[in-house]
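Trainee: Could you have a look at this structure, given as C-alpha cells, before my questions?
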Amino acid sequence: MGVSFLSTCPSLLSIAANDTPPSTRYQPRSVSICCNKTISDVAAEEPFHWRRREVLKCVGATLGLEIFGSSGSLVGMANAADLIQRRQRSEFQSQVKETLFNAIKGNPDIIPSLLTLAINDAVTYDKATKSGGPNGSIRFSSEISRPENAGLSAALNLLEEAKKEIDSYSKGGPISYADLINYAAQSAVKATFLAAAISKCGGNVEKGSILYNAYGSSGQWGLFDRQFGRADAQDPDPEGRVPVWEKASVQEMKDKFSALGFGPRQLAVLSAFLGPDQSATETLLASDPDVAPWVQKYQRSRETVSRTDYEVDLITTFTKLSTLGQQINYEAYTYPPPKIDITKLKL
C-alpha cells in the first residue's frame with residue numbers, strides 16, 4: 001500500500017483536511033508551522049530544549065510542502081515537453097506519408113509488391129526466440145535475394161529513393177527502414193481503396209475522393225499511426241521463416257499464420273498479397289473449409305461501394321502484423337526545440 005507524505009506528518013493532517021483549493025491545481029502559499037517544544041520548568045522560566053525528532057519533523061514538513069507546492073509546475077513542464085514531442089512526430093509523420101503517397105502515385109503498378117514486401121519482412125517473426133518481425137531486415141541484399149522475395153527489389157529500390165528525400169528534411173534523425181516499409185504499405189493500402197472508389201465513379205478523381213472520404217475506413221488507422229518508432233535489425237533474419245507463397249499449400253500457409261498468432265480470417269484478408277497472382281491464391285484458399293467463408297466474405301465486400309468489411313479487417317490485421325516483436329520508441333524522430341534568446345527579442 002502506498003504511503004502519502006502527509007500521512008507521515010500527523011501535525012499536517014488537519015491542514016490538509018481543512019484546505020479546499022479553489023481549483024484542481026495546487027496554488028503554493030506560505031504556511032506557518034508550529035513545532036512542539038518541551039519546557040522542563042515553566043515556572044522557573046528555564047530554557048526549553050528542542051527534541052531532535054521534532055526538529056527533523058518540522059524541517060521535513062517544510063521541505064515536503066515546498067516540493068508539493070512546486071509539483072504542479074513540474075507536471076506542467078513535463079506535459080509541455082510531451083506535447084512538443086507529439087507535435088514533432090505528427091508533423092514528421094505527415095511529411096513521410098506525403099512523400100510516400102507521391103512516390104506510389106507515380107508508380108501504381110508497384111503497390112502489390114510494397115504490401116508483399118511489408119508482409120515478408122514481418123512474418124520472419126519467431127515467438128519462441130522473440131526474433132525477426134517487421135524490423136527492416138529485408139533491406140539486406142542477402143535477404144531480398146531469397147526465393148520468397150523474388151520480384152520485390154523494385155519496391156525496395158523505390159523506398160530507398162524515398163528514404164533519401166525523407167532523411168533530407170528529417171530533424172530527428174533518419175527514418176528507420178522498419179517504419180519506412182510499413183508506412184509505404186499503409187500508403188499502398190490507402191491508394192488501393194482510393195483507386196477503387198475512383199473506378200466506381202467512372203474514373204472521376206474528384207468524385208472518387210469524395211466517395212472514399214465519405215465511406216472509406218481511413219479513420220481505422222489510428223492505432224497504426226501511434227506505432228511510429230520501430231527499430232531496425234542490424235543483420236538479416238534467419239532463412240526458412242517465410243514460405244514461397246505461390247508454391248505453398250493451404251496447410252503451410254495456415255501453419256505459418258497460426259505461428260504468428262493469426263487464423264483463417266487474417267490469412268484470407270491478406271491473400272491478395274501472398275504471391276504474384278491474387279486470383280490463384282484466393283482460388284487455392286477457397287478450397288479449404290476454414291478459410292473459404294472468409295475469402296467469400298471479402299470477395300463480396302470488395303463489390304460494395306464502401307468495401308468496409310474488407311478494408312477494416314485488412315487495416316486491423318496489418319496493424320498487428322506491423323508490430324510483431326517490436327518495442328516502439330515513442331520518442332523517435334523528436335529533437336530539441338530551438339532556444340530563444342529573450343535578450344534579443346524586441347518588445
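Starting from 1 in every chain, residues are counted up; chains themselves are A, B, ... following the order of the C-alpha cells, and ligands are numbered from 1 as listed.
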What parts of range 170-302 of chain A does DSSP call alpha helix (DSSP H)? I'd like the answer as a ChimeraX atom specification.
Mentor: /A:177-200,205-215,222-226,250-259,264-269,278-285,292-301
Trainee: Do you know which residues are at most 9 Å from range 146-160 of chain A counting only C-alpha atoms, after dropping those on the same chain fewer than 6 positions away, and could you put them as a PyMOL selection string?
Mentor: chain A and resi 100+103-104+107+110-111+113-114+116-117+120+138-139+177+180-181+184+239+242-246+275-276
Trainee: With a distance cut-off of 12 Å and only C-alpha atoms, select the neighbouring residues of Gln234 in chain A, excluding the residue or stretch itself and same-chain residues fewer than 3 positions from it, and output the selection as a list in words.
Mentor: Gly132, Asn135, Gly136, Ser137, Ile138, Arg139, Phe140, Ser176, Tyr177, Ala178, Ala231 and Asp237 of chain A
Trainee: Got time to write the residues from that selection, all heavy atoms, as a short mmCIF file (atom, residue, chain, number, x, y, z; two decimals), in the first residue's frame?
Mentor:
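So result24.cif came out as:
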data_model
loop_
_atom_site.label_atom_id
_atom_site.label_comp_id
_atom_site.auth_asym_id
_atom_site.auth_seq_id
_atom_site.Cartn_x
_atom_site.Cartn_y
_atom_site.Cartn_z
N GLY A 132 13.25 -11.62 -35.27
CA GLY A 132 12.61 -11.36 -36.55
C GLY A 132 11.49 -10.35 -36.42
O GLY A 132 11.43 -9.56 -35.47
N ASN A 135 11.26 -5.55 -38.93
CA ASN A 135 12.45 -4.84 -38.47
C ASN A 135 13.32 -4.30 -39.60
O ASN A 135 14.45 -3.89 -39.37
CB ASN A 135 13.28 -5.76 -37.57
CG ASN A 135 13.63 -7.08 -38.26
OD1 ASN A 135 13.57 -7.18 -39.49
ND2 ASN A 135 13.98 -8.09 -37.49
N GLY A 136 12.81 -4.32 -40.83
CA GLY A 136 13.57 -3.76 -41.94
C GLY A 136 14.71 -4.63 -42.43
O GLY A 136 15.50 -4.20 -43.28
N SER A 137 14.82 -5.86 -41.93
CA SER A 137 15.95 -6.72 -42.33
C SER A 137 15.89 -7.11 -43.79
O SER A 137 16.90 -7.50 -44.38
CB SER A 137 15.98 -8.00 -41.47
OG SER A 137 14.84 -8.81 -41.71
N ILE A 138 14.71 -6.99 -44.40
CA ILE A 138 14.56 -7.36 -45.80
C ILE A 138 15.37 -6.44 -46.72
O ILE A 138 15.56 -6.73 -47.90
CB ILE A 138 13.06 -7.35 -46.19
CG1 ILE A 138 12.83 -8.23 -47.43
CG2 ILE A 138 12.55 -5.93 -46.38
CD1 ILE A 138 11.36 -8.49 -47.70
N ARG A 139 15.88 -5.35 -46.17
CA ARG A 139 16.70 -4.43 -46.97
C ARG A 139 18.06 -5.02 -47.32
O ARG A 139 18.71 -4.56 -48.27
CB ARG A 139 16.89 -3.12 -46.23
CG ARG A 139 17.86 -3.20 -45.04
CD ARG A 139 17.86 -1.91 -44.24
NE ARG A 139 18.89 -1.86 -43.21
CZ ARG A 139 18.74 -2.36 -41.99
NH1 ARG A 139 17.61 -2.98 -41.67
NH2 ARG A 139 19.72 -2.24 -41.10
N PHE A 140 18.53 -5.98 -46.53
CA PHE A 140 19.84 -6.57 -46.79
C PHE A 140 19.80 -7.40 -48.06
O PHE A 140 18.84 -8.14 -48.31
CB PHE A 140 20.28 -7.44 -45.60
CG PHE A 140 20.56 -6.65 -44.35
CD1 PHE A 140 19.73 -6.74 -43.25
CD2 PHE A 140 21.67 -5.81 -44.28
CE1 PHE A 140 19.98 -6.02 -42.09
CE2 PHE A 140 21.93 -5.08 -43.12
CZ PHE A 140 21.09 -5.18 -42.03
N SER A 176 13.76 4.92 -39.87
CA SER A 176 14.17 3.51 -39.90
C SER A 176 13.54 2.83 -41.11
O SER A 176 12.47 3.21 -41.58
CB SER A 176 13.75 2.80 -38.62
OG SER A 176 12.34 2.67 -38.55
N TYR A 177 14.22 1.80 -41.61
CA TYR A 177 13.65 1.03 -42.71
C TYR A 177 12.36 0.34 -42.28
O TYR A 177 11.44 0.16 -43.08
CB TYR A 177 14.66 0.00 -43.22
CG TYR A 177 15.69 0.57 -44.16
CD1 TYR A 177 16.90 1.07 -43.67
CD2 TYR A 177 15.47 0.61 -45.53
CE1 TYR A 177 17.85 1.60 -44.52
CE2 TYR A 177 16.42 1.15 -46.39
CZ TYR A 177 17.61 1.64 -45.89
OH TYR A 177 18.56 2.17 -46.73
N ALA A 178 12.32 -0.06 -41.00
CA ALA A 178 11.13 -0.73 -40.49
C ALA A 178 9.91 0.19 -40.59
O ALA A 178 8.83 -0.23 -41.05
CB ALA A 178 11.35 -1.16 -39.05
N ALA A 231 12.39 -0.15 -34.57
CA ALA A 231 13.86 -0.24 -34.66
C ALA A 231 14.27 -1.17 -35.80
O ALA A 231 13.59 -2.14 -36.11
CB ALA A 231 14.42 -0.76 -33.33
N ASP A 237 17.41 -11.54 -41.15
CA ASP A 237 16.72 -12.54 -40.34
C ASP A 237 17.06 -13.94 -40.87
O ASP A 237 17.41 -14.09 -42.05
CB ASP A 237 15.21 -12.31 -40.39
CG ASP A 237 14.78 -11.13 -39.53
OD1 ASP A 237 15.52 -10.80 -38.59
OD2 ASP A 237 13.70 -10.55 -39.80
#
Trainee: Name all residues at most 12 Å from Ala196 in chain A (count only C-alpha atoms; drop same-chain ones fewer than 4 positions away) and give them as number ranges by chain.
Mentor: A: 189-192, 200-205, 207-209, 211-212, 215-216, 302-307, 311
Trainee: Could you save those same residues with C-alpha atoms as a short mmCIF file (atom, residue, chain, number, x, y, z; two decimals), in the first residue's frame?
Mentor:
data_model
loop_
_atom_site.label_atom_id
_atom_site.label_comp_id
_atom_site.auth_asym_id
_atom_site.auth_seq_id
_atom_site.Cartn_x
_atom_site.Cartn_y
_atom_site.Cartn_z
CA VAL A 189 -3.44 0.22 -48.97
CA LYS A 190 -4.96 3.69 -49.00
CA ALA A 191 -4.06 4.16 -52.65
CA THR A 192 -5.72 0.82 -53.48
CA LYS A 200 -16.68 3.17 -59.10
CA CYS A 201 -17.16 6.84 -60.04
CA GLY A 202 -16.28 6.19 -63.65
CA GLY A 203 -12.73 7.44 -63.29
CA ASN A 204 -13.71 10.82 -61.86
CA VAL A 205 -10.92 11.59 -59.37
CA LYS A 207 -15.96 12.25 -57.03
CA GLY A 208 -13.92 9.15 -56.18
CA SER A 209 -12.04 11.06 -53.49
CA LEU A 211 -16.69 8.78 -52.04
CA TYR A 212 -13.63 7.38 -50.30
CA TYR A 215 -17.44 5.76 -46.96
CA GLY A 216 -13.83 4.66 -46.55
CA ARG A 302 -14.99 -5.70 -52.48
CA GLU A 303 -18.07 -5.47 -54.67
CA THR A 304 -19.77 -2.95 -52.37
CA VAL A 305 -19.37 0.81 -52.51
CA SER A 306 -17.64 1.16 -49.15
CA ARG A 307 -15.83 -2.21 -49.04
CA GLU A 311 -10.89 -2.63 -45.52
#
Trainee: Would you please work out which residue, of A:Asn329, A:Gln88, A:Leu324, A:Pro264, is nearest to Asp290 in chain A when using only C-alpha atoms?
Mentor: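 Counting only C-alpha atoms, the residue closest to Asp290 in chain A is A:Pro264.
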